[in-house]
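Asks: Dropping the structure in here first, questions after.
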Amino acid sequence: MNTGELYVVATPIGNLEDFTWRARRVLQSVDLILVEDTRHSAKLFSHYDIHTPVLAFHEHNEQQQIQKVLDKLHGQQAVALVSDAGTPLINDPGYQLVRAAHAEGIRVIPVPGASAVITALSAAGLPTDRFIYEGFLPAKAAARQKRLTELAPEQRTLVFYEVPHRIKATLIDMVTSMGEDRPATLARELTKQFETIHHGTLLSLRCWLDEDADQSRGEFVILIQGNRQPASSDEEARRVLQILLQSVSVRDASTMAAHILGDNKNRLYQLALALTDKNP
């Protein structure tokens, strides 16, 4: 049975000129465009003379809209999916629709373009041969710190998104989990008027935000160089910690051991706690 086609279309992340001729043609020619926010997309569509009917499709109604969209596709209509900015499905809704389309034999066609992740990586000055995209970290401090501790040994470049009201707290947690000297880049408002790409260490980036309140505004991509120092073995870490714990506190011992071994302070802190539990 013939069906329509589902186009996944990237849109600009800020600068309206970052829009491909192919994307414009597709959006002008399809029968329906799925948009996150009709008001947000209206600016782009008006600029490029796109008058195709739209349907709101976002995280709160995705489940309810999927069957409606599939019916249109089975009716041989062409449908395009866009997000508010950038490449759809990268931290945006649409995954379940694309999966359902594949399951029903509907052709899914990507129309590539802007992506904040790739844009930030291209200008960060950090290794890009291998990287890991984590999206947004947990909003709650305890969960965020736990996840960062888990990621601290990761040797690939780490990429995160963050919002203005959490950016300072997140950088503090990154300093604690990964060390103040870890190379990192903060990319803000990419492709927009106040685009800023600032490179340094995690601690220097945090201090930079304190020095200029305006730098805490906008949308952020945080990029952190992977861990270049392999974690010490538990046996070696315990040996060093046992010596230090004879004269200093658990917290001081883990800090000193981290400098000696080039290891993660939080991991060593947990090992030190385990040692003190065994040897009260």
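Letters A, B, ... mark the chains of the structure tokens in the order given; residue numbers begin at 1 per chain; ligand numbers begin at 1, in order shown.
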So that I can check the surroundings of A:Glu36, please list as a ChimeraX atom specification every protein, DNA and RNA residue that reaches within 6 Å of it, counting only C-alpha atoms and ignoring chain neighbours fewer than 3 positions away.
Replies: /A:56-58,83-84
Asks: Quick one: residues within 8 Å of A:Arg238, only C-alpha atoms counted, chain neighbours fewer than 2 positions away excluded, as a ChimeraX atom specification?
Replies: /A:234-236,240-242,271-272,275
Asks: The selected residues should be written to file as an mmCIF file, in the first residue's frame (atoms: N, CA and C atoms).
Replies:
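Final file, out.cif:
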data_model
loop_
_atom_site.group_PDB
_atom_site.id
_atom_site.type_symbol
_atom_site.label_atom_id
_atom_site.label_comp_id
_atom_site.auth_asym_id
_atom_site.auth_seq_id
_atom_site.Cartn_x
_atom_site.Cartn_y
_atom_site.Cartn_z
ATOM 1 N N ASP A 234 41.409 0.394 42.628
ATOM 2 C CA ASP A 234 40.872 0.487 43.990
ATOM 3 C C ASP A 234 41.926 0.088 45.018
ATOM 4 N N GLU A 235 42.752 -0.886 44.662
ATOM 5 C CA GLU A 235 43.778 -1.340 45.599
ATOM 6 C C GLU A 235 44.773 -0.217 45.899
ATOM 7 N N GLU A 236 45.218 0.491 44.839
ATOM 8 C CA GLU A 236 46.152 1.590 45.030
ATOM 9 C C GLU A 236 45.497 2.736 45.792
ATOM 10 N N VAL A 240 46.669 4.401 49.521
ATOM 11 C CA VAL A 240 46.968 5.811 49.761
ATOM 12 C C VAL A 240 46.011 6.387 50.814
ATOM 13 N N LEU A 241 44.747 6.044 50.711
ATOM 14 C CA LEU A 241 43.761 6.571 51.647
ATOM 15 C C LEU A 241 44.023 6.093 53.075
ATOM 16 N N GLN A 242 44.409 4.838 53.221
ATOM 17 C CA GLN A 242 44.680 4.310 54.553
ATOM 18 C C GLN A 242 45.819 5.063 55.235
ATOM 19 N N LEU A 271 35.282 5.704 48.726
ATOM 20 C CA LEU A 271 36.203 4.654 49.178
ATOM 21 C C LEU A 271 36.689 4.922 50.600
ATOM 22 N N ALA A 272 36.975 6.189 50.886
ATOM 23 C CA ALA A 272 37.434 6.557 52.229
ATOM 24 C C ALA A 272 36.353 6.297 53.270
ATOM 25 N N LEU A 275 36.281 2.679 54.014
ATOM 26 C CA LEU A 275 37.414 2.289 54.856
ATOM 27 C C LEU A 275 37.178 2.659 56.324
#
Asks: Looking only at strand (DSSP E or B) from DSSP on the backbone, list the matching residues of stretch 25-273 of chain A as JSON, numbers by chain.
Replies: {"A": [32, 33, 34, 35, 54, 55, 56, 79, 80, 81, 86, 107, 108, 109, 110, 111, 131, 132, 133, 134, 135, 136, 157, 158, 159, 160, 161, 162, 183, 184, 185, 186, 187, 188, 196, 197, 198, 199, 200, 201, 220, 221, 222, 223, 224]}
Asks: List every residue of stretch 105-140 of chain A that has an atom at most 10 Å from any atom of stretch 163-171 of chain A, and for each one report the closest atom pair and its distance in Å to one decimal, counting only C-alpha atoms, with rows sorted by chain and then by increasing residue number, as a Markdown table.
Replies:
| residue | atom | partner | partner_atom | distance |
| --- | --- | --- | --- | --- |
| A:Phe136 | CA | A:Val163 | CA | 8.5 |
| A:Leu137 | CA | A:Thr170 | CA | 8.4 |
| A:Pro138 | CA | A:Thr170 | CA | 9.7 |
| A:Ala139 | CA | A:Arg166 | CA | 7.8 |
| A:Lys140 | CA | A:Arg166 | CA | 9.8 |
Asks: Check which residues of stretch 107-169 of chain A sit at most 8 Å from stretch 177-197 of chain A using only C-alpha atoms, and return one row each with the closest pair of atoms and their distance in Å to one decimal, ordered by chain and rising number, as CSV.
Replies:
residue,atom,partner,partner_atom,distance
A:Ala116,CA,A:Leu190,CA,7.2
A:Thr119,CA,A:Leu190,CA,7.7
A:Ala120,CA,A:Ala187,CA,6.3
A:Ala123,CA,A:Ile197,CA,7.7
A:Ala124,CA,A:Thr185,CA,5.8
A:Gly125,CA,A:Thr185,CA,7.9
A:Leu126,CA,A:Ala184,CA,7.7
A:Gln145,CA,A:Ser177,CA,7.2
A:Leu148,CA,A:Ser177,CA,6.1
A:Thr149,CA,A:Ser177,CA,5.2
A:Ala152,CA,A:Met178,CA,5.3
Asks: Since we have the selection now, will you write its residues out, keeping N, CA and C atoms, as a compact mmCIF listing (two decimals), in the first residue's frame?
Replies:
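Once written, again-v6.txt looks like this:
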# COMPACT_ATOMS: atom_id res chain seq x y z
N ALA A 116 22.46 22.56 17.72
CA ALA A 116 23.30 23.25 18.71
C ALA A 116 24.46 22.38 19.17
N THR A 119 27.08 22.42 16.33
CA THR A 119 27.59 23.79 16.20
C THR A 119 28.58 24.11 17.31
N ALA A 120 28.22 23.75 18.54
CA ALA A 120 29.10 24.01 19.68
C ALA A 120 30.39 23.21 19.58
N ALA A 123 33.21 24.59 17.30
CA ALA A 123 33.93 25.80 17.68
C ALA A 123 34.52 25.75 19.08
N ALA A 124 34.42 24.61 19.74
CA ALA A 124 34.82 24.52 21.15
C ALA A 124 36.32 24.39 21.36
N GLY A 125 37.02 23.88 20.37
CA GLY A 125 38.46 23.66 20.55
C GLY A 125 38.77 22.46 21.44
N LEU A 126 37.83 21.53 21.53
CA LEU A 126 38.02 20.30 22.30
C LEU A 126 38.01 19.11 21.35
N GLN A 145 24.45 15.87 40.85
CA GLN A 145 25.78 15.55 41.35
C GLN A 145 26.10 14.07 41.17
N LEU A 148 26.92 13.47 37.47
CA LEU A 148 28.23 14.02 37.12
C LEU A 148 29.37 13.16 37.67
N THR A 149 29.18 12.62 38.87
CA THR A 149 30.19 11.73 39.44
C THR A 149 30.34 10.48 38.59
N ALA A 152 32.37 11.44 35.47
CA ALA A 152 33.72 11.99 35.66
C ALA A 152 34.83 11.17 35.00
Asks: Report, in Å to a single decimal, how far apart atom CA of A:Leu34 and atom CA of A:His102 are.
Replies: 17.3 Å
Asks: I'd like to know which residues of stretch 45-266 of chain A are alpha helix (DSSP H) (by DSSP, run on the backbone); could you write them as a PyMOL selection string?
Replies: chain A and resi 45-47+62-74+95-103+116-123+141-151+167-178+202-211+234-244+250-261+265-266
Asks: Using only C-alpha atoms, find the one residue out of A:Thr3, A:Arg39, A:His199, A:Thr20 that sits nearest to A:Gly105.
Replies: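 Of A:Thr3, A:Arg39, A:His199, A:Thr20, the one nearest A:Gly105 is A:Thr3, counting only C-alpha atoms.
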Asks: Near stretch 88-93 of chain A, within 10 Å and counting only C-alpha atoms, which residues show up once chain neighbours fewer than 6 positions away are dropped, as a list of chain:residue names?
Replies: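 Near stretch 88-93 of chain A, the qualifying residues are A:Val8, A:Val9, A:Ala10, A:Thr11, A:Val35, A:Glu36, A:Phe57, A:His58, A:Glu59, A:His60, A:Asn61, A:Glu62, A:Leu81, A:Val82, A:Pro110, A:Val111, A:Pro112, A:Ala114, A:Ser115, A:Ala116, A:Val117, A:Tyr133, A:Glu134, A:Gly135, A:Phe136, A:Tyr161.
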Asks: Give me a file of those residues, with N, CA and C atoms, as a short mmCIF file (atom, residue, chain, number, x, y, z; two decimals), in the first residue's frame.
Replies:
data_model
loop_
_atom_site.label_atom_id
_atom_site.label_comp_id
_atom_site.auth_asym_id
_atom_site.auth_seq_id
_atom_site.Cartn_x
_atom_site.Cartn_y
_atom_site.Cartn_z
N VAL A 8 11.65 14.85 8.46
CA VAL A 8 12.16 15.39 9.72
C VAL A 8 13.09 16.54 9.34
N VAL A 9 12.63 17.76 9.58
CA VAL A 9 13.27 18.95 8.99
C VAL A 9 13.95 19.81 10.06
N ALA A 10 15.23 20.05 9.89
CA ALA A 10 15.97 20.92 10.81
C ALA A 10 15.68 22.38 10.47
N THR A 11 15.56 23.21 11.51
CA THR A 11 15.34 24.64 11.35
C THR A 11 16.45 25.40 12.08
N VAL A 35 4.43 21.21 14.44
CA VAL A 35 5.28 22.20 15.10
C VAL A 35 5.11 22.11 16.61
N GLU A 36 6.17 22.43 17.34
CA GLU A 36 6.08 22.46 18.81
C GLU A 36 5.21 23.61 19.28
N PHE A 57 2.31 19.84 17.84
CA PHE A 57 2.80 18.50 18.17
C PHE A 57 3.95 18.67 19.15
N HIS A 58 3.70 18.40 20.43
CA HIS A 58 4.71 18.64 21.46
C HIS A 58 4.66 17.54 22.51
N GLU A 59 5.51 17.65 23.52
CA GLU A 59 5.66 16.57 24.49
C GLU A 59 4.37 16.28 25.26
N HIS A 60 3.48 17.26 25.36
CA HIS A 60 2.26 17.08 26.13
C HIS A 60 1.13 16.43 25.34
N ASN A 61 1.22 16.43 24.00
CA ASN A 61 0.14 15.83 23.22
C ASN A 61 0.63 14.80 22.20
N GLU A 62 1.91 14.46 22.25
CA GLU A 62 2.49 13.56 21.24
C GLU A 62 1.72 12.25 21.13
N LEU A 81 7.93 17.26 10.15
CA LEU A 81 8.08 17.48 11.60
C LEU A 81 9.22 18.47 11.83
N VAL A 82 8.93 19.55 12.55
CA VAL A 82 9.98 20.50 12.93
C VAL A 82 9.92 20.71 14.44
N PRO A 110 15.09 12.38 6.49
CA PRO A 110 15.71 13.48 7.22
C PRO A 110 16.13 14.61 6.28
N VAL A 111 15.87 15.84 6.71
CA VAL A 111 16.33 17.02 5.98
C VAL A 111 17.27 17.76 6.92
N PRO A 112 18.58 17.55 6.81
CA PRO A 112 19.53 18.02 7.82
C PRO A 112 19.72 19.53 7.81
N ALA A 114 20.76 22.84 11.01
CA ALA A 114 21.39 23.29 12.24
C ALA A 114 21.14 22.36 13.42
N SER A 115 22.15 22.28 14.30
CA SER A 115 22.06 21.53 15.56
C SER A 115 22.99 22.20 16.55
N ALA A 116 22.46 22.56 17.72
CA ALA A 116 23.30 23.25 18.71
C ALA A 116 24.46 22.38 19.17
N VAL A 117 24.24 21.07 19.26
CA VAL A 117 25.30 20.16 19.70
C VAL A 117 26.49 20.22 18.75
N TYR A 133 26.78 12.92 24.18
CA TYR A 133 25.79 13.98 24.39
C TYR A 133 24.86 13.57 25.53
N GLU A 134 24.80 14.40 26.57
CA GLU A 134 24.00 14.08 27.74
C GLU A 134 22.73 14.91 27.85
N GLY A 135 22.55 15.91 27.00
CA GLY A 135 21.36 16.74 27.10
C GLY A 135 21.33 17.53 28.39
N PHE A 136 20.15 17.66 29.00
CA PHE A 136 20.01 18.37 30.26
C PHE A 136 20.27 17.42 31.43
N TYR A 161 23.34 20.46 27.69
CA TYR A 161 22.54 21.68 27.59
C TYR A 161 22.27 22.18 29.01
#
Asks: Measuring between only C-alpha atoms, which one of A:Leu223, A:Val98, A:Leu268, A:Ile106 shows the shortest distance to A:Phe131?
Replies: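 When distances to A:Phe131 are compared using only C-alpha atoms, the smallest one comes from A:Leu223.
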Asks: Quick one, how far is atom CA of A:Gly4 from atom CA of A:Ala42?
Replies: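 Computed distance, atom CA of A:Gly4 to atom CA of A:Ala42, equals 24.4 Å.
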Asks: Would you list the contacts of A:Glu104 as a PyMOL selection string, taking every protein, DNA or RNA residue within 12 Å and counting only C-alpha atoms, but skipping same-chain residues closer than 6 positions in sequence?
Replies: chain A and resi 1-6+67+70-71+73-74+97-98
Asks: Take the residues from that selection and put them in a file with N, CA and C atoms, as an mmCIF file, in the first residue's frame.
Replies:
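The new file result_7.cif reads:
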data_model
loop_
_atom_site.group_PDB
_atom_site.id
_atom_site.type_symbol
_atom_site.label_atom_id
_atom_site.label_comp_id
_atom_site.auth_asym_id
_atom_site.auth_seq_id
_atom_site.Cartn_x
_atom_site.Cartn_y
_atom_site.Cartn_z
ATOM 1 N N MET A 1 0.846 -1.205 0.000
ATOM 2 C CA MET A 1 0.000 0.000 0.000
ATOM 3 C C MET A 1 0.873 1.244 0.000
ATOM 4 N N ASN A 2 0.550 2.187 -0.875
ATOM 5 C CA ASN A 2 1.297 3.433 -0.917
ATOM 6 C C ASN A 2 0.934 4.307 0.279
ATOM 7 N N THR A 3 1.937 4.993 0.806
ATOM 8 C CA THR A 3 1.709 5.913 1.921
ATOM 9 C C THR A 3 2.375 7.238 1.615
ATOM 10 N N GLY A 4 2.082 8.205 2.445
ATOM 11 C CA GLY A 4 2.794 9.462 2.365
ATOM 12 C C GLY A 4 4.182 9.318 2.957
ATOM 13 N N GLU A 5 4.875 10.436 3.088
ATOM 14 C CA GLU A 5 6.240 10.423 3.623
ATOM 15 C C GLU A 5 6.331 11.394 4.798
ATOM 16 N N LEU A 6 7.119 11.000 5.789
ATOM 17 C CA LEU A 6 7.345 11.847 6.958
ATOM 18 C C LEU A 6 8.732 12.474 6.844
ATOM 19 N N GLN A 67 -1.652 8.894 16.206
ATOM 20 C CA GLN A 67 -2.556 8.161 15.316
ATOM 21 C C GLN A 67 -3.161 9.075 14.266
ATOM 22 N N LEU A 70 -0.486 9.448 11.659
ATOM 23 C CA LEU A 70 -0.341 8.203 10.898
ATOM 24 C C LEU A 70 -1.485 8.032 9.895
ATOM 25 N N ASP A 71 -2.693 8.412 10.297
ATOM 26 C CA ASP A 71 -3.839 8.313 9.378
ATOM 27 C C ASP A 71 -3.620 9.193 8.150
ATOM 28 N N LEU A 73 -0.695 10.089 6.951
ATOM 29 C CA LEU A 73 0.373 9.481 6.167
ATOM 30 C C LEU A 73 -0.148 8.278 5.370
ATOM 31 N N HIS A 74 -1.018 7.484 5.991
ATOM 32 C CA HIS A 74 -1.613 6.355 5.269
ATOM 33 C C HIS A 74 -2.560 6.843 4.176
ATOM 34 N N LEU A 97 6.763 9.171 17.305
ATOM 35 C CA LEU A 97 6.142 9.252 15.982
ATOM 36 C C LEU A 97 7.028 8.611 14.926
ATOM 37 N N VAL A 98 8.323 8.913 14.952
ATOM 38 C CA VAL A 98 9.243 8.346 13.965
ATOM 39 C C VAL A 98 9.294 6.826 14.100
#
Asks: What gap, in Å, lies between atom CA of A:Thr157 and atom CA of A:Arg130?
Replies: 6.6 Å
